[in-house]
>>> print(open('model-v9.cif').read())   # mmCIF, C-alpha atoms
data_query
loop_
_atom_site.label_atom_id
_atom_site.label_comp_id
_atom_site.auth_asym_id
_atom_site.auth_seq_id
_atom_site.Cartn_x
_atom_site.Cartn_y
_atom_site.Cartn_z
CA MET C 23 112.62 154.67 93.14
CA LEU C 24 111.61 151.10 93.96
CA ASP C 25 109.31 152.25 96.77
CA HIS C 26 107.63 154.72 94.42
CA PHE C 27 107.09 151.98 91.84
CA GLU C 28 105.66 149.64 94.49
CA ARG C 29 103.28 152.32 95.76
CA ASN C 30 102.03 152.96 92.22
CA ALA C 31 101.55 149.22 91.68
CA LYS C 32 99.52 148.91 94.91
CA ARG C 33 97.45 151.94 93.93
CA ARG C 34 96.69 150.46 90.50
CA PHE C 35 95.83 147.11 92.08
CA ARG C 36 93.38 148.72 94.54
CA PHE C 37 91.76 150.65 91.71
CA LEU C 38 91.45 147.45 89.64
CA LEU C 39 89.79 145.62 92.55
CA PHE C 40 87.37 148.50 93.07
CA PHE C 41 86.61 148.57 89.33
CA LEU C 42 86.01 144.79 89.20
CA LEU C 43 83.80 144.97 92.28
CA CYS C 44 81.68 147.69 90.63
CA ILE C 45 81.43 145.59 87.46
CA LEU C 46 80.38 142.59 89.59
CA LEU C 47 77.62 144.54 91.35
CA LEU C 48 76.36 145.91 88.02
CA SER C 49 76.51 142.41 86.50
CA ILE C 50 74.51 140.94 89.38
CA THR C 51 71.92 143.71 89.03
CA PHE C 52 71.41 143.45 85.29
CA ALA C 53 71.68 139.65 85.19
CA VAL C 54 68.77 139.37 87.62
CA THR C 55 66.68 141.91 85.67
CA LEU C 56 67.04 139.97 82.40
CA GLY C 57 64.71 137.13 81.52
CA PRO C 58 61.23 136.33 80.20
CA VAL C 59 59.80 138.51 82.98
CA LYS C 60 61.51 141.92 82.94
CA MET C 61 62.37 143.52 86.28
CA SER C 62 63.71 146.96 87.15
CA ALA C 63 67.05 147.33 88.94
CA MET C 64 65.28 149.17 91.76
CA THR C 65 62.91 146.23 92.29
CA VAL C 66 65.85 143.80 92.32
CA TRP C 67 67.69 145.65 95.08
CA LYS C 68 64.54 146.31 97.10
CA ILE C 69 63.73 142.60 97.15
CA ALA C 70 67.37 141.59 97.81
CA LEU C 71 67.83 144.08 100.65
CA GLY C 72 64.38 143.26 101.96
CA HIS C 73 65.63 139.79 102.97
CA LEU C 74 68.50 141.20 105.05
CA PRO C 75 68.03 141.52 108.81
CA PHE C 76 67.34 145.02 110.17
CA ILE C 77 67.48 146.57 106.67
CA GLY C 78 64.46 144.69 105.36
CA ASP C 79 62.17 145.96 108.10
CA SER C 80 62.69 149.56 107.02
CA LEU C 81 61.84 148.97 103.34
CA GLU C 82 58.35 149.26 101.94
CA GLY C 83 56.87 148.09 98.67
CA ASN C 84 59.42 145.37 97.93
CA GLY C 85 57.47 144.06 94.92
CA SER C 86 54.76 141.52 94.30
CA ILE C 87 54.88 137.91 95.48
CA ALA C 88 55.58 136.76 91.91
CA GLN C 89 58.45 139.22 91.51
CA GLU C 90 59.92 138.18 94.84
CA ARG C 91 59.80 134.52 93.91
CA ILE C 92 61.43 135.13 90.52
CA ILE C 93 64.18 137.40 91.84
CA TRP C 94 64.95 135.92 95.25
CA ASP C 95 64.21 132.22 94.75
CA ILE C 96 65.16 131.70 91.10
CA ARG C 97 67.56 134.30 89.72
CA LEU C 98 69.71 135.54 92.62
CA PRO C 99 71.05 132.10 93.69
CA ARG C 100 72.37 131.56 90.16
CA VAL C 101 74.70 134.57 90.24
CA LEU C 102 76.58 133.60 93.42
CA LEU C 103 78.44 130.45 92.31
CA GLY C 104 81.23 131.76 90.07
CA ALA C 105 84.26 132.22 92.33
CA GLY C 106 85.28 128.66 93.21
CA LEU C 107 86.53 127.25 89.92
CA SER C 108 88.63 130.29 89.05
CA VAL C 109 90.43 130.12 92.42
CA VAL C 110 91.11 126.41 91.97
CA GLY C 111 92.43 127.09 88.45
CA VAL C 112 95.07 129.45 89.84
CA VAL C 113 96.20 126.89 92.42
CA ILE C 114 96.23 123.89 90.07
CA GLN C 115 98.37 125.75 87.53
CA ALA C 116 100.85 126.66 90.27
CA LEU C 117 100.71 123.15 91.75
CA VAL C 118 101.61 121.32 88.52
CA ARG C 119 103.53 124.30 87.05
CA ASN C 120 101.61 123.95 83.82
CA SER C 121 99.64 126.73 82.09
CA LEU C 122 97.20 124.22 80.54
CA ALA C 123 96.04 122.81 83.87
CA ASP C 124 92.48 123.40 85.09
CA PRO C 125 90.35 122.22 88.06
CA TYR C 126 89.26 119.06 86.26
CA ILE C 127 92.74 117.75 85.43
CA LEU C 128 92.78 115.58 88.56
CA GLY C 129 89.67 113.66 87.45
CA ILE C 130 87.46 115.28 90.08
CA SER C 131 84.74 116.27 87.62
CA SER C 132 84.64 112.78 86.09
CA GLY C 133 84.21 111.25 89.53
CA SER C 134 81.29 113.60 90.18
CA SER C 135 79.71 112.63 86.87
CA VAL C 136 79.66 108.92 87.76
CA ALA C 137 77.76 109.50 90.98
CA ALA C 138 75.51 112.17 89.45
CA THR C 139 74.41 109.94 86.57
CA LEU C 140 73.61 107.13 89.03
CA VAL C 141 71.39 109.52 91.00
CA ILE C 142 69.69 111.03 87.94
CA LEU C 143 69.15 107.80 85.98
CA PHE C 144 68.64 105.20 88.72
CA GLY C 145 67.65 107.19 91.80
CA ALA C 146 70.74 106.27 93.81
CA LEU C 147 71.24 107.59 97.37
CA PRO C 148 67.50 108.07 98.10
CA ILE C 149 68.37 108.53 101.78
CA PHE C 150 69.51 112.10 101.01
CA GLY C 151 66.19 113.09 99.42
CA GLN C 152 66.35 116.31 97.38
CA TYR C 153 70.06 116.65 98.19
CA ALA C 154 70.92 113.24 96.67
CA LEU C 155 72.42 114.75 93.49
CA SER C 156 74.63 117.21 95.37
CA PHE C 157 75.82 114.67 97.93
CA GLY C 158 76.38 112.04 95.25
CA ALA C 159 78.42 114.39 93.06
CA PHE C 160 80.51 115.47 96.05
CA LEU C 161 81.15 111.88 97.17
CA GLY C 162 82.15 110.94 93.61
CA ALA C 163 84.54 113.87 93.44
CA MET C 164 86.17 112.95 96.73
CA ALA C 165 86.52 109.29 95.68
CA ALA C 166 88.27 110.33 92.47
CA MET C 167 90.51 112.73 94.40
CA LEU C 168 91.49 110.03 96.89
CA SER C 169 92.35 107.62 94.04
CA VAL C 170 94.56 110.19 92.32
CA TYR C 171 96.17 111.17 95.63
CA LEU C 172 97.13 107.55 96.43
CA LEU C 173 98.37 106.79 92.91
CA ALA C 174 100.55 109.92 92.80
CA GLN C 175 102.50 109.03 95.94
CA VAL C 176 105.88 107.34 95.78
CA GLY C 177 107.49 106.66 99.13
CA GLY C 178 105.12 109.10 100.81
CA ARG C 179 106.02 111.90 98.37
CA ILE C 180 103.84 113.27 95.58
CA GLN C 181 105.45 113.75 92.18
CA THR C 182 103.94 116.31 89.81
CA THR C 183 104.28 114.06 86.76
CA ARG C 184 102.60 111.14 88.52
CA LEU C 185 99.88 113.49 89.76
CA LEU C 186 99.06 114.57 86.20
CA LEU C 187 99.18 111.04 84.77
CA ALA C 188 97.07 109.66 87.62
CA GLY C 189 94.52 112.44 87.08
CA VAL C 190 94.28 111.71 83.35
CA ALA C 191 93.98 107.95 83.95
CA ILE C 192 91.27 108.29 86.62
CA SER C 193 89.42 110.82 84.46
CA MET C 194 89.37 108.42 81.49
CA ILE C 195 88.22 105.51 83.63
CA MET C 196 85.46 107.56 85.28
CA SER C 197 84.30 108.91 81.91
CA ALA C 198 84.07 105.37 80.55
CA VAL C 199 82.03 104.30 83.59
CA THR C 200 79.71 107.30 83.12
CA ASN C 201 79.14 106.41 79.45
CA PHE C 202 78.41 102.81 80.43
CA ILE C 203 75.85 103.95 83.00
CA VAL C 204 74.18 106.20 80.41
CA THR C 205 73.83 103.27 77.98
CA LEU C 206 71.90 101.38 80.68
CA ALA C 207 69.49 104.26 81.31
CA PRO C 208 65.85 103.12 81.44
CA LYS C 209 64.45 106.45 80.14
CA ASP C 210 65.59 108.80 77.37
CA SER C 211 64.50 111.84 79.38
CA GLY C 212 66.91 110.84 82.12
CA ILE C 213 69.77 110.69 79.62
CA ARG C 214 69.07 114.26 78.52
CA GLU C 215 69.00 115.46 82.13
CA ALA C 216 72.27 113.68 82.90
CA MET C 217 73.99 115.13 79.82
CA PHE C 218 72.69 118.60 80.69
CA TRP C 219 74.15 118.31 84.19
CA MET C 220 77.52 117.06 82.89
CA MET C 221 77.80 120.13 80.62
CA GLY C 222 77.09 122.44 83.57
CA SER C 223 73.95 124.26 84.60
CA LEU C 224 72.86 126.70 87.29
CA ALA C 225 69.19 125.88 86.78
CA GLY C 226 69.12 123.90 90.01
CA ALA C 227 70.71 126.62 92.15
CA LYS C 228 68.77 127.15 95.37
CA TRP C 229 69.51 129.09 98.53
CA GLU C 230 69.70 125.91 100.59
CA TYR C 231 72.50 124.63 98.31
CA ILE C 232 74.64 127.77 98.55
CA PRO C 233 75.87 128.01 102.21
CA ILE C 234 78.24 125.02 102.04
CA PRO C 235 79.95 126.04 98.73
CA ALA C 236 80.10 129.65 99.95
CA VAL C 237 81.81 128.71 103.24
CA VAL C 238 84.23 126.32 101.52
CA VAL C 239 85.18 128.75 98.73
CA LEU C 240 85.55 131.69 101.13
CA GLY C 241 87.59 129.72 103.65
CA VAL C 242 89.93 128.18 101.06
CA SER C 243 90.33 131.51 99.23
CA LEU C 244 91.37 133.29 102.44
CA PHE C 245 93.81 130.51 103.28
CA LEU C 246 95.36 130.64 99.80
CA ILE C 247 95.69 134.43 99.88
CA VAL C 248 97.49 134.14 103.24
CA GLN C 249 99.73 131.45 101.70
CA SER C 250 100.33 133.40 98.48
CA ARG C 251 104.08 133.68 99.18
CA SER C 252 104.34 129.87 99.27
CA LEU C 253 102.40 129.67 95.99
CA ASN C 254 104.89 132.09 94.45
CA ILE C 255 107.76 129.95 95.68
CA LEU C 256 106.07 126.82 94.33
CA LEU C 257 106.65 128.09 90.78
CA MET C 258 110.40 128.41 91.44
CA GLY C 259 110.98 124.69 92.06
CA GLU C 260 111.70 122.48 95.05
CA GLU C 261 115.36 123.47 95.45
CA VAL C 262 114.51 127.16 95.82
CA ALA C 263 111.62 126.26 98.16
CA ALA C 264 113.92 124.21 100.39
CA THR C 265 116.41 127.09 100.49
CA LEU C 266 113.64 129.47 101.59
CA GLY C 267 112.42 127.09 104.30
CA VAL C 268 109.12 126.02 102.71
CA ASN C 269 108.08 122.37 103.10
CA MET C 270 106.81 121.87 99.56
CA GLU C 271 105.77 118.25 100.09
CA ALA C 272 103.39 119.06 102.94
CA PHE C 273 102.18 122.23 101.19
CA ARG C 274 101.49 120.31 97.97
CA LYS C 275 99.34 117.77 99.84
CA VAL C 276 97.34 120.56 101.49
CA LEU C 277 96.75 122.19 98.09
CA ILE C 278 95.51 118.91 96.56
CA ILE C 279 93.02 118.39 99.38
CA MET C 280 91.76 121.98 99.33
CA THR C 281 91.41 122.27 95.55
CA SER C 282 89.60 118.94 95.43
CA LEU C 283 87.27 120.05 98.22
CA VAL C 284 86.38 123.30 96.41
CA THR C 285 85.96 121.63 93.01
CA GLY C 286 83.86 118.82 94.41
CA THR C 287 81.65 121.23 96.34
CA VAL C 288 81.08 123.57 93.39
CA VAL C 289 80.60 120.77 90.84
CA ALA C 290 78.05 119.14 93.15
CA VAL C 291 75.85 122.24 92.78
CA SER C 292 76.54 123.44 89.24
CA GLY C 293 77.75 120.43 87.28
CA SER C 294 80.89 120.54 85.14
CA ILE C 295 81.50 124.09 83.90
CA GLY C 296 84.60 124.08 81.71
CA PHE C 297 87.14 126.76 80.76
CA ILE C 298 86.49 129.07 83.76
CA GLY C 299 89.35 127.59 85.76
CA LEU C 300 91.59 127.51 82.69
CA VAL C 301 91.02 130.99 81.26
CA VAL C 302 90.42 133.21 84.32
CA PRO C 303 93.89 132.74 85.91
CA HIS C 304 95.57 133.76 82.65
CA LEU C 305 93.31 136.79 82.35
CA ALA C 306 94.14 137.80 85.92
CA ARG C 307 97.87 137.45 85.28
CA LEU C 308 97.59 139.68 82.25
CA LEU C 309 96.10 142.36 84.49
CA VAL C 310 98.17 142.12 87.69
CA GLY C 311 101.29 140.05 86.99
CA THR C 312 102.41 136.88 88.74
CA ASP C 313 101.98 137.63 92.45
CA HIS C 314 99.44 135.05 93.63
CA LYS C 315 98.00 137.34 96.29
CA ARG C 316 96.83 139.69 93.54
CA VAL C 317 96.05 136.95 91.03
CA LEU C 318 93.76 135.14 93.48
CA SER C 319 91.89 138.31 94.46
CA CYS C 320 91.27 139.28 90.84
CA SER C 321 90.40 135.73 89.80
CA ILE C 322 87.57 135.55 92.34
CA LEU C 323 85.90 138.67 90.94
CA ILE C 324 86.60 137.92 87.26
CA GLY C 325 85.35 134.35 87.66
CA MET C 326 82.07 135.51 89.18
CA ILE C 327 81.56 138.11 86.44
CA LEU C 328 82.20 135.61 83.64
CA VAL C 329 79.92 132.96 85.13
CA ILE C 330 77.13 135.52 85.61
CA TRP C 331 77.18 136.64 81.98
CA SER C 332 77.67 133.10 80.68
CA ASP C 333 74.55 132.12 82.61
CA VAL C 334 72.67 135.09 81.13
CA CYS C 335 73.62 133.91 77.62
CA ALA C 336 72.63 130.34 78.49
CA ARG C 337 69.20 131.54 79.64
CA LEU C 338 68.44 133.97 76.81
CA VAL C 339 70.03 132.70 73.57
CA LEU C 340 67.45 129.93 72.99
CA ALA C 341 64.74 131.20 75.38
CA PRO C 342 62.49 129.72 76.65
CA GLN C 343 64.89 126.76 76.41
CA GLU C 344 68.15 126.93 78.34
CA LEU C 345 71.62 126.04 77.11
CA PRO C 346 74.09 124.23 79.38
CA ILE C 347 76.39 126.93 80.72
CA GLY C 348 79.41 124.78 79.88
CA VAL C 349 78.58 125.19 76.18
CA VAL C 350 78.68 128.98 76.52
CA THR C 351 81.94 129.05 78.52
CA ALA C 352 83.62 126.75 75.99
CA LEU C 353 82.44 128.78 72.98
CA CYS C 354 83.69 132.00 74.58
CA GLY C 355 86.72 130.65 76.40
CA GLY C 356 88.11 128.64 73.49
CA PRO C 357 88.66 131.61 71.13
CA PHE C 358 90.10 133.67 74.01
CA PHE C 359 92.59 130.94 74.84
CA ILE C 360 93.58 130.62 71.16
CA TRP C 361 94.18 134.39 71.07
CA LEU C 362 96.27 134.05 74.22
CA LEU C 363 98.36 131.31 72.67
CA ARG C 364 98.97 133.43 69.56
CA ARG C 365 100.32 136.35 71.59
CA SER C 366 104.07 136.17 71.23
CA SER C 367 104.52 138.33 74.34
CA TYR C 368 102.63 136.01 76.71
CA SER C 369 103.91 132.96 78.55
CA PHE C 370 102.89 131.17 81.76
CA GLY C 371 102.77 133.67 84.59
CA GLY C 372 102.36 136.63 82.30
CA GLY C 373 106.00 137.08 81.52
CA GLY C 374 107.57 137.52 78.14
CA LYS C 375 109.13 134.91 75.97
#
>>> encode(input="model-v9.cif", output="C-alpha cells")
Amino acid sequence: MLDHFERNAKRRFRFLLFFLLCILLLSITFAVTLGPVKMSAMTVWKIALGHLPFIGDSLEGNGSIAQERIIWDIRLPRVLLGAGLSVVGVVIQALVRNSLADPYILGISSGSSVAATLVILFGALPIFGQYALSFGAFLGAMAAMLSVYLLAQVGGRIQTTRLLLAGVAISMIMSAVTNFIVTLAPKDSGIREAMFWMMGSLAGAKWEYIPIPAVVVLGVSLFLIVQSRSLNILLMGEEVAATLGVNMEAFRKVLIIMTSLVTGTVVAVSGSIGFIGLVVPHLARLLVGTDHKRVLSCSILIGMILVIWSDVCARLVLAPQELPIGVVTALCGGPFFIWLLRRSSYSFGGGGK
C-alpha cells in the first residue's frame, strides 16, 4: 500500500515538473515577443536557436539585424535570472526554521546597496569598468555576509537566534549608510538610478553578466538537491540531527556561505527583488509537500516563471517607461502571502495546524 502511494506521488511529481517546464518555455517565448516592437514566436526561436553551435548553421532567415538585437541582446538575457532567489528562500527558511525568512534577512541585500550606490553616485571602483556595479554589489554582499557570520558565532558555533538578530542589525546599519550616501549625491539623476537599482531591475541584464550567476545558481542548486535529506533533518532540530549522524554545525556554516554567494551574485546583476524568495518556497510546498528535494526542484521553475512575468508587467504597465521589478513582485506577492496567512489549513512546511 505504501509503495503504491509512493509510486503515485513520484508520478504526480514528475508530471508537475513537466508541466512547470512547459509553462516556463511558453513564458520565455511570449515574454520575449511582448514589447514596443512585436515579434512572432517563430522569429524568437529561430533567432535563439540560430546562436547555438551546429544548430544555427542549418537555419535560414533568422530575422533582421534589428530583430536579432532586440530579441538576443535585450530581451532574452532578462528572462534567465529568476531561479537563484527562490532557491535561497527555501534554504534560508530551513536554516532559521522560520516561515517568514527570505534571502535578504541576513543583510546581504543591504550590503550590496551600499556598494552599488557608491558606484552609481560617485563612480567608485573605476578599475572594473563596465562591471563596476556588479563587482561592487557582490563585494558589498560578501562583506555584509562576513559581518553577520562573525557576529552569529559563539564559541565557534552559530546560533539561529544570533544569526537572525545579527542579520537584522547589519541590514539596518547598511540601510542607514546607503541613505547617508544618497543624501550626499551630487546629481538628482544619479539618485533616481540608485533607487531604481535598489528596487530591482533587469534592464541591465546582458549576456556577459549571466555566466557567473548561472554557474553559481546551478552548482549550488545541484548541491542542495543532493543534500536535501540533511535539509529535511534540519527542520527537526539539532537533537534529531545528532541522532541521525548529521553534523548540523558544519552543515549550517556551508548553507550560510552558499546562500550568501547565490544572493550576492544574483543581486549584483538584478538589484534587490523582494518577495520571490519569501513566496515561492511556500507555493512550492503547497504543491509538493515538505520534501526539500521536490521543493527545491519546483522552486527553481516557479521562481523563473514568476520573475519572467513580473518583468513583463514592469516593462509594459507604464510603457515606454519601466517600473522597478521589485514593485511588481511586492504588489503581487504581498496579497498572495496575506491569503496564505489567512488559510487555516496552512502552516510552515505545508502541514496542517
>>> resolve_selection(input="model-v9.cif", expression="the PyMOL selection byres ((chain C and resi 205-210) around 12)", output="PDB file with C-alpha atoms, in the coordinates of the input")
ATOM      1  CA  THR C 139      74.410 109.940  86.570  1.00  0.00           C
ATOM      2  CA  LEU C 140      73.610 107.130  89.030  1.00  0.00           C
ATOM      3  CA  VAL C 141      71.390 109.520  91.000  1.00  0.00           C
ATOM      4  CA  ILE C 142      69.690 111.030  87.940  1.00  0.00           C
ATOM      5  CA  LEU C 143      69.150 107.800  85.980  1.00  0.00           C
ATOM      6  CA  PHE C 144      68.640 105.200  88.720  1.00  0.00           C
ATOM      7  CA  GLY C 145      67.650 107.190  91.800  1.00  0.00           C
ATOM      8  CA  ALA C 198      84.070 105.370  80.550  1.00  0.00           C
ATOM      9  CA  VAL C 199      82.030 104.300  83.590  1.00  0.00           C
ATOM     10  CA  THR C 200      79.710 107.300  83.120  1.00  0.00           C
ATOM     11  CA  ASN C 201      79.140 106.410  79.450  1.00  0.00           C
ATOM     12  CA  PHE C 202      78.410 102.810  80.430  1.00  0.00           C
ATOM     13  CA  ILE C 203      75.850 103.950  83.000  1.00  0.00           C
ATOM     14  CA  VAL C 204      74.180 106.200  80.410  1.00  0.00           C
ATOM     15  CA  SER C 211      64.500 111.840  79.380  1.00  0.00           C
ATOM     16  CA  GLY C 212      66.910 110.840  82.120  1.00  0.00           C
ATOM     17  CA  ILE C 213      69.770 110.690  79.620  1.00  0.00           C
ATOM     18  CA  ARG C 214      69.070 114.260  78.520  1.00  0.00           C
ATOM     19  CA  GLU C 215      69.000 115.460  82.130  1.00  0.00           C
ATOM     20  CA  ALA C 216      72.270 113.680  82.900  1.00  0.00           C
ATOM     21  CA  MET C 217      73.990 115.130  79.820  1.00  0.00           C
TER      22      MET C 217
END
>>> residues_around(input="model-v9.cif", residues="region 48-63 of chain C", least_positions_apart="6", cutoff="9 Å", atoms="all atoms listed in the file", output="ChimeraX atom specification")
/C:89,92-93,97-98,100-102,327,330-331,333-334,337-338,341-342
>>> write_last_selection(input="model-v9.cif", atoms="C-alpha atoms", output="CSV table (one decimal), in the coordinates of the input")
chain,number,residue,atom,x,y,z
C,89,GLN,CA,58.4,139.2,91.5
C,92,ILE,CA,61.4,135.1,90.5
C,93,ILE,CA,64.2,137.4,91.8
C,97,ARG,CA,67.6,134.3,89.7
C,98,LEU,CA,69.7,135.5,92.6
C,100,ARG,CA,72.4,131.6,90.2
C,101,VAL,CA,74.7,134.6,90.2
C,102,LEU,CA,76.6,133.6,93.4
C,327,ILE,CA,81.6,138.1,86.4
C,330,ILE,CA,77.1,135.5,85.6
C,331,TRP,CA,77.2,136.6,82.0
C,333,ASP,CA,74.6,132.1,82.6
C,334,VAL,CA,72.7,135.1,81.1
C,337,ARG,CA,69.2,131.5,79.6
C,338,LEU,CA,68.4,134.0,76.8
C,341,ALA,CA,64.7,131.2,75.4
C,342,PRO,CA,62.5,129.7,76.6
>>> resolve_selection(input="model-v9.cif", expression="the PyMOL selection byres ((chain C and resi 155) around 9)", output="list in words")
Ala137, Ala138, Thr139, Leu140, Val141, Ile142, Ala146, Leu147, Phe150, Gly151, Gln152, Tyr153, Ala154, Ser156, Phe157, Gly158, Ala159, Phe160, Ala290 and Val291 of chain C
>>> resolve_selection(input="model-v9.cif", expression="the PyMOL selection byres ((chain C and resi 355) around 9)", output="number ranges by chain")
C: 296-298, 300-301, 350-354, 356-360
>>> residues_around(input="model-v9.cif", residues="Ile255 (chain C)", least_positions_apart="4", cutoff="12 Å", atoms="only C-alpha atoms", output="PyMOL selection string")
chain C and resi 116-117+119+249-251+259-270+273-274+312-314
>>> closest_residue(input="model-v9.cif", among="C:Ala272, C:Leu308, C:Met167, C:Met280", to="Arg365 (chain C)", atoms="only C-alpha atoms")
C:Leu308
>>> atom_distance(input="model-v9.cif", atom1="CA of Arg36 (chain C)", atom2="CA of Gly299 (chain C)")
23.2 Å
>>> atom_distance(input="model-v9.cif", atom1="CA of Val239 (chain C)", atom2="CA of Ser135 (chain C)")
20.7 Å
>>> atom_distance(input="model-v9.cif", atom1="CA of Val329 (chain C)", atom2="CA of Tyr126 (chain C)")
16.8 Å
>>> closest_residue(input="model-v9.cif", among="C:Gly311, C:Gly129, C:Pro233, C:Gly222", to="Pro346 (chain C)", atoms="all atoms listed in the file")
C:Gly222
>>> residues_around(input="model-v9.cif", residues="Ile247 (chain C)", least_positions_apart="4", cutoff="10 Å", atoms="only C-alpha atoms", output="list of chain:residue names")
C:Val242, C:Ser243, C:Arg251, C:Ser252, C:Leu253, C:His314, C:Lys315, C:Arg316, C:Val317, C:Leu318, C:Ser319
>>> closest_residue(input="model-v9.cif", among="C:Met326, C:Arg184, C:Val113, C:Cys335", to="Ile45 (chain C)", atoms="all atoms listed in the file")
C:Met326
>>> closest_residue(input="model-v9.cif", among="C:Val112, C:Leu186, C:Val310, C:Ala336", to="Val349 (chain C)", atoms="all atoms listed in the file")
C:Ala336
>>> axis_aligned_box(input="model-v9.cif", around="region 114-133 of chain C", padding_each_side="3 Å", output="JSON")
{"center_x": 93.9, "center_y": 119.0, "center_z": 86.1, "size_x": 25.3, "size_y": 21.5, "size_z": 17.2}
>>> residues_near_point(input="model-v9.cif", point="(89.0, 119.7, 99.1)", cutoff="12 Å", atoms="only C-alpha atoms", output="mmCIF file with C-alpha atoms, in the frame of the given file")
data_model
loop_
_atom_site.group_PDB
_atom_site.id
_atom_site.type_symbol
_atom_site.label_atom_id
_atom_site.label_comp_id
_atom_site.auth_asym_id
_atom_site.auth_seq_id
_atom_site.Cartn_x
_atom_site.Cartn_y
_atom_site.Cartn_z
ATOM 1 C CA GLY C 106 85.280 128.660 93.210
ATOM 2 C CA VAL C 110 91.110 126.410 91.970
ATOM 3 C CA PRO C 125 90.350 122.220 88.060
ATOM 4 C CA LEU C 128 92.780 115.580 88.560
ATOM 5 C CA ILE C 130 87.460 115.280 90.080
ATOM 6 C CA PHE C 160 80.510 115.470 96.050
ATOM 7 C CA LEU C 161 81.150 111.880 97.170
ATOM 8 C CA ALA C 163 84.540 113.870 93.440
ATOM 9 C CA MET C 164 86.170 112.950 96.730
ATOM 10 C CA ALA C 165 86.520 109.290 95.680
ATOM 11 C CA ALA C 166 88.270 110.330 92.470
ATOM 12 C CA MET C 167 90.510 112.730 94.400
ATOM 13 C CA LEU C 168 91.490 110.030 96.890
ATOM 14 C CA TYR C 171 96.170 111.170 95.630
ATOM 15 C CA PRO C 235 79.950 126.040 98.730
ATOM 16 C CA VAL C 238 84.230 126.320 101.520
ATOM 17 C CA VAL C 239 85.180 128.750 98.730
ATOM 18 C CA GLY C 241 87.590 129.720 103.650
ATOM 19 C CA VAL C 242 89.930 128.180 101.060
ATOM 20 C CA SER C 243 90.330 131.510 99.230
ATOM 21 C CA LYS C 275 99.340 117.770 99.840
ATOM 22 C CA VAL C 276 97.340 120.560 101.490
ATOM 23 C CA LEU C 277 96.750 122.190 98.090
ATOM 24 C CA ILE C 278 95.510 118.910 96.560
ATOM 25 C CA ILE C 279 93.020 118.390 99.380
ATOM 26 C CA MET C 280 91.760 121.980 99.330
ATOM 27 C CA THR C 281 91.410 122.270 95.550
ATOM 28 C CA SER C 282 89.600 118.940 95.430
ATOM 29 C CA LEU C 283 87.270 120.050 98.220
ATOM 30 C CA VAL C 284 86.380 123.300 96.410
ATOM 31 C CA THR C 285 85.960 121.630 93.010
ATOM 32 C CA GLY C 286 83.860 118.820 94.410
ATOM 33 C CA THR C 287 81.650 121.230 96.340
ATOM 34 C CA VAL C 288 81.080 123.570 93.390
ATOM 35 C CA VAL C 289 80.600 120.770 90.840
#
>>> closest_residue(input="model-v9.cif", among="C:Thr183, C:Glu28, C:Ala191, C:Ser121", to="Val170 (chain C)", atoms="only C-alpha atoms")
C:Ala191
